[in-house]
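**Student:** Structure below; questions to follow.
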Amino acid sequence: MTLESDTESTAPADREEPSEKLVTTGSEWWRSAVIYQVYPRSFADSTGDGVGDLTGITNRLPALAELGVDAVWLSPFFRSPQKDAGYDVSDYCDVDPLFGTLEDFDRMLAAAHETGLKVIADMVPNHTSDQHEWFQAALAAPEGSPERDRYLFRDGKGKNGNLPPNNWESVFGGSMWTRITNPDGSPGQWYLHIFDTSQPDLNWRNPWVREQFHDILRFWLDRGVDGFRVDVAHGMIKDPAFPDYTPPTEAGSMGGTAIDHDGVLTSMAVPEETPDPPYWAQPEVHQIWREWHEVLAEYEGDRVLCAEAWVDPLEKMALWVRPDEMSQAFNFDYMFTDWSAPAQRRVIDRSISAFAGVGAPSTWVLSNHDVVRHASRLALTTENPQGAGIGPKSAGQPDRVLGLRRARAATSLMLALPGSSYVYQGEELGLPEVIDLPDSARQDPTWFRTHGEKYGRDGCRVPIPWEAHKPAYGFNSTGNSWLPQPDDWAPYARDSQDGVPGSTLELYRSALRLRREHGLGTGTIEWVTGYGAEVVAFRNGDITVIANTGEVAVELPVGDIVLSSESITGGALPADTTVWIAD
Ligand code: NOJ
């Protein structure tokens, strides 16, 4: 096969109109679903080796069905050297032995479907592991070969090519380029890796790469997955000129986002006309999603594609979910919006209208495996860029009580919004970020590549507690844990909260049940005024939601309070509290 060079685009230019046969029906399950993120290595461990696995997930599925979510998204379980916790894939069509086997996956999927849960896999197409056979073949092959053209190899600059091809900086710190040694021992070309050295970027202008991934999608769709979360969906095409680029402000780790002083809209921190970095949001990326959409359309049922696209502003991110592209995109602007009523109202309005502009639902998310858990983040007192994490020496340490109170109020607001919400494992238990992990336990490549300047993301990835008085809090039966669990987590364990009025677990259960009963996910919102600047209030169907982000209590209207993030006495809504009132 003759491969085209990555300097010549093979992708048609972006276009405005979707093809008619691919337009969505408007009634797909994912439009209003609550999707629970399972981080497999930290969810449940059936073997006792200290790392969670697929059988562990199968065993705990009843707890998720009973919580009341609609679907689970599993972070990667594919074969991988685990240099970036599985986001470095060496075989996309196999399960890593750490997590089990393909048969374990099939059993887990069947059990999930039997309990009524959909399952979303996590596809990682921007880069492979450096141990993937494609990359090993590229290293062994000569410059200019088809094997090299599957990745982004370039000559270095300077004397003997000993400087990287440009000044791009890896999201995890350090240069985005690593120089190889040729099979004969001489210094060779450089390859691009947006993330770790062990994660070489693929050349998505190469049709061979595209075809491989269509088959990988079919492999998992044939097994019955209900869709994919797509990693780095904004980064797969690079400016073919590879120009030098210096970000205007400190960028968010996963993308070209910067968070302003209030933690408010990233798009307000960077002027909207700021050009995109030459490795994010290049227009030709959209053709990839049209092709993936067509692959999913070959299958029965509503399969979903959810973009991890760190793109500003929201109106631009909505381009990822046009009717013939992906179905949903994570709403990171919402995630990083400060707990302040004006900012919340603004981001909610803007999200709904940006996504509605292309016929897509908005999504909502407060925590995931890449960010400080919102039970801690919402009480930070200094700016904390995504990826920095919190450690013992970080400034602005969060107050645990205040953080949980705000998190419960924020979640109660989120779950009343129309569209689809994502919940990260452990947030239903009110888990805080683990701040005091010993340095020797840290595993995030960010920690190593920044030489400890950034703590990274380990603090939100600690195995979750199930039973207060069992080894590893019921994560397994041996007490092993790949990241140490804090000594004071017994009160957060699921069994400590089960059936306890006012516990965070019971708050989530009630919110999810009421959301379903009142059709909030498919509703529309109408703002309610009159409670003052620090209050967010809206109606969704027959529910009125009132959230007080300020310090002063506000008077509540008379009505039937069906959900409350804190106990209410005397008809006043205290600070950092959300209520739902039914007509
Ligand atoms: C985003 C994933 O969520 C993150 O965990 C990972 O490190 C990067 N993409 C690279 O795959």
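Residues in the structure tokens are numbered from 1 in each chain, the chains being A, B, ... in the order shown, and ligands are numbered from 1 in the order shown.
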What residues of the protein or nucleic acid chains come within 8 Å of ligand 1 when you use only C-alpha atoms and all ligand atoms? Reply as a list in words.

**Tutor:**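 These are the residues that qualify: Asp84, Ala85, Tyr87, Asp88, Val124, Asn126, His127, Phe195, Gln199, Asp231, Val232, Met254, Glu308, His369 and Asp370 of chain A.
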
**Student:** Among stretch 219-411 of chain A, which ones does DSSP place in alpha helix (DSSP H), written as a VMD selection string?

**Tutor:** chain A and resid 219 to 223 266 to 269 285 to 297 314 to 317 332 to 335 341 to 356 374 to 377 400 to 411

**Student:** Residues near A:Pro81, anyone? I mean within 10 Å using only C-alpha atoms, not counting same-chain ones fewer than 6 positions away, as a list in words.

**Tutor:**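 The neighbour list is Tyr87, Asp88, Val89, Ser90, Asp96, Leu98, Ser129, Asp130, Gln131, His132 and Ser198 of chain A.
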
**Student:** Which is closest to A:Asp149 among A:Ser440, A:Asn203, A:Thr246, A:Thr529, if we use only C-alpha atoms?

**Tutor:**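 With only C-alpha atoms as the atom set, the closest residue is A:Asn203.
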
**Student:** Calculate how many Å separate atom CA of A:Phe213 from atom CA of A:Asp196, rounding to one decimal.

**Tutor:**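 Atom CA of A:Phe213 sits 21.4 Å away from atom CA of A:Asp196.
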
**Student:** Report the distance between atom CA of A:Arg79 and atom CA of A:Pro97 in Å, rounded to one decimal place.

**Tutor:**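 These two atoms are separated by 7.2 Å.
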
**Student:** Show which residues sit within 9 Å of stretch 111-113 of chain A, as a ChimeraX atom specification. Count only C-alpha atoms, and ignore same-chain residues fewer than 2 positions away.

**Tutor:** /A:58,61-62,65,71-72,106-109,115-119

**Student:** Could you pull the residues within 12 Å of A:Lys470, counting only C-alpha atoms, minus those fewer than 4 positions along the same chain, as a PyMOL selection string?

**Tutor:** chain A and resi 465-466+474-480+489-490+493-496

**Student:** How about saving the chosen residues, N, CA and C atoms kept, as a PDB file, in the first residue's frame?

**Tutor:**
```pdb
ATOM      1  N   PRO A 465     -13.651   2.558  49.256  1.00  0.00           N
ATOM      2  CA  PRO A 465     -14.037   1.729  50.410  1.00  0.00           C
ATOM      3  C   PRO A 465     -15.466   1.190  50.291  1.00  0.00           C
ATOM      4  N   TRP A 466     -15.602  -0.098  50.496  1.00  0.00           N
ATOM      5  CA  TRP A 466     -16.917  -0.740  50.440  1.00  0.00           C
ATOM      6  C   TRP A 466     -17.430  -1.080  51.844  1.00  0.00           C
ATOM      7  N   GLY A 474     -12.817  -3.640  52.113  1.00  0.00           N
ATOM      8  CA  GLY A 474     -13.653  -4.452  51.222  1.00  0.00           C
ATOM      9  C   GLY A 474     -13.278  -4.351  49.756  1.00  0.00           C
ATOM     10  N   PHE A 475     -12.241  -3.586  49.435  1.00  0.00           N
ATOM     11  CA  PHE A 475     -11.774  -3.494  48.034  1.00  0.00           C
ATOM     12  C   PHE A 475     -11.329  -4.886  47.576  1.00  0.00           C
ATOM     13  N   ASN A 476     -10.733  -5.640  48.522  1.00  0.00           N
ATOM     14  CA  ASN A 476     -10.391  -7.044  48.267  1.00  0.00           C
ATOM     15  C   ASN A 476     -10.349  -7.752  49.624  1.00  0.00           C
ATOM     16  N   SER A 477      -9.872  -8.982  49.624  1.00  0.00           N
ATOM     17  CA  SER A 477      -9.876  -9.703  50.907  1.00  0.00           C
ATOM     18  C   SER A 477      -8.487  -9.800  51.528  1.00  0.00           C
ATOM     19  N   THR A 478      -7.490  -9.218  50.868  1.00  0.00           N
ATOM     20  CA  THR A 478      -6.117  -9.367  51.379  1.00  0.00           C
ATOM     21  C   THR A 478      -5.582  -8.114  52.068  1.00  0.00           C
ATOM     22  N   GLY A 479      -6.196  -6.967  51.766  1.00  0.00           N
ATOM     23  CA  GLY A 479      -5.680  -5.719  52.331  1.00  0.00           C
ATOM     24  C   GLY A 479      -4.661  -5.037  51.434  1.00  0.00           C
ATOM     25  N   ASN A 480      -4.293  -5.680  50.309  1.00  0.00           N
ATOM     26  CA  ASN A 480      -3.359  -5.016  49.377  1.00  0.00           C
ATOM     27  C   ASN A 480      -4.057  -3.880  48.651  1.00  0.00           C
ATOM     28  N   TRP A 489     -10.831   6.221  56.549  1.00  0.00           N
ATOM     29  CA  TRP A 489     -11.880   6.121  55.534  1.00  0.00           C
ATOM     30  C   TRP A 489     -13.089   5.274  55.950  1.00  0.00           C
ATOM     31  N   ALA A 490     -13.045   4.653  57.132  1.00  0.00           N
ATOM     32  CA  ALA A 490     -14.168   3.782  57.518  1.00  0.00           C
ATOM     33  C   ALA A 490     -15.526   4.516  57.422  1.00  0.00           C
ATOM     34  N   ALA A 493     -17.049   4.349  53.983  1.00  0.00           N
ATOM     35  CA  ALA A 493     -17.355   3.057  53.358  1.00  0.00           C
ATOM     36  C   ALA A 493     -18.854   2.956  53.062  1.00  0.00           C
ATOM     37  N   ARG A 494     -19.150   2.243  51.997  1.00  0.00           N
ATOM     38  CA  ARG A 494     -20.551   2.127  51.577  1.00  0.00           C
ATOM     39  C   ARG A 494     -21.425   1.580  52.709  1.00  0.00           C
ATOM     40  N   ASP A 495     -20.929   0.556  53.414  1.00  0.00           N
ATOM     41  CA  ASP A 495     -21.797  -0.026  54.442  1.00  0.00           C
ATOM     42  C   ASP A 495     -21.967   0.899  55.654  1.00  0.00           C
ATOM     43  N   SER A 496     -21.060   1.869  55.825  1.00  0.00           N
ATOM     44  CA  SER A 496     -21.254   2.832  56.923  1.00  0.00           C
ATOM     45  C   SER A 496     -22.377   3.818  56.585  1.00  0.00           C
TER      46      SER A 496
END
```

**Student:** Pick out the closest residue to A:Gln328 from this set: A:Ala233, A:Ala121, A:Ala360, A:Leu505. Count only C-alpha atoms.

**Tutor:**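 Going through A:Ala233, A:Ala121, A:Ala360, A:Leu505 one by one, the smallest distance to A:Gln328 is for A:Ala360.
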
**Student:** Show which residues sit within 7 Å of A:Val304, as a list in words. Count only C-alpha atoms, and ignore same-chain residues fewer than 2 positions away.

**Tutor:** Trp30, Asp226, Gly227, Phe228, Asp302, Cys306 and Ser327 of chain A

**Student:** Using N, CA, C and O atoms, can you export the residues from the last selection as a PDB file, in the first residue's frame?

**Tutor:**
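As written to disk, result09.pdb reads:
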```pdb
ATOM      1  N   TRP A  30     -28.758   7.798  25.780  1.00  0.00           N
ATOM      2  CA  TRP A  30     -27.637   8.543  26.351  1.00  0.00           C
ATOM      3  C   TRP A  30     -27.925  10.028  26.493  1.00  0.00           C
ATOM      4  O   TRP A  30     -27.181  10.745  27.165  1.00  0.00           O
ATOM      5  N   ASP A 226     -21.832  -0.738  24.407  1.00  0.00           N
ATOM      6  CA  ASP A 226     -22.856   0.246  24.024  1.00  0.00           C
ATOM      7  C   ASP A 226     -22.244   1.549  23.536  1.00  0.00           C
ATOM      8  O   ASP A 226     -22.979   2.496  23.243  1.00  0.00           O
ATOM      9  N   GLY A 227     -20.928   1.610  23.467  1.00  0.00           N
ATOM     10  CA  GLY A 227     -20.300   2.812  22.936  1.00  0.00           C
ATOM     11  C   GLY A 227     -18.922   3.021  23.523  1.00  0.00           C
ATOM     12  O   GLY A 227     -18.377   2.147  24.209  1.00  0.00           O
ATOM     13  N   PHE A 228     -18.377   4.198  23.235  1.00  0.00           N
ATOM     14  CA  PHE A 228     -17.000   4.495  23.622  1.00  0.00           C
ATOM     15  C   PHE A 228     -16.886   5.911  24.155  1.00  0.00           C
ATOM     16  O   PHE A 228     -17.482   6.840  23.607  1.00  0.00           O
ATOM     17  N   ASP A 302     -28.798   2.098  20.099  1.00  0.00           N
ATOM     18  CA  ASP A 302     -28.186   3.425  20.142  1.00  0.00           C
ATOM     19  C   ASP A 302     -26.822   3.314  20.794  1.00  0.00           C
ATOM     20  O   ASP A 302     -26.737   3.206  22.011  1.00  0.00           O
ATOM     21  N   CYS A 306     -18.551   9.410  23.201  1.00  0.00           N
ATOM     22  CA  CYS A 306     -18.403  10.588  24.054  1.00  0.00           C
ATOM     23  C   CYS A 306     -16.981  11.133  23.944  1.00  0.00           C
ATOM     24  O   CYS A 306     -16.011  10.416  24.199  1.00  0.00           O
ATOM     25  N   SER A 327     -21.645  11.720  19.952  1.00  0.00           N
ATOM     26  CA  SER A 327     -22.956  11.920  20.574  1.00  0.00           C
ATOM     27  C   SER A 327     -22.882  12.962  21.688  1.00  0.00           C
ATOM     28  O   SER A 327     -23.764  13.800  21.837  1.00  0.00           O
TER      29      SER A 327
END
```

**Student:** Select, from A:Gly161, A:Thr363, A:Lys454, A:Leu54, the residue with the minimum atom-to-atom distance to A:Ser186, counting only C-alpha atoms.

**Tutor:**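 Closest to A:Ser186 of all the choices is A:Gly161.
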
**Student:** Counting only C-alpha atoms, which of A:Ser503, A:Asn160, A:Ser420, A:Ser394 gets nearest to A:Phe330?

**Tutor:**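 Using only C-alpha atoms, A:Phe330 sits closest to A:Ser420.
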
**Student:** With a distance cut-off of 9 Å and only C-alpha atoms, select the neighbouring residues of A:Leu563, excluding the residue or stretch itself and same-chain residues fewer than 4 positions from it, and output the selection as number ranges by chain.

**Tutor:** A: 412, 507, 510-511, 514, 578-581
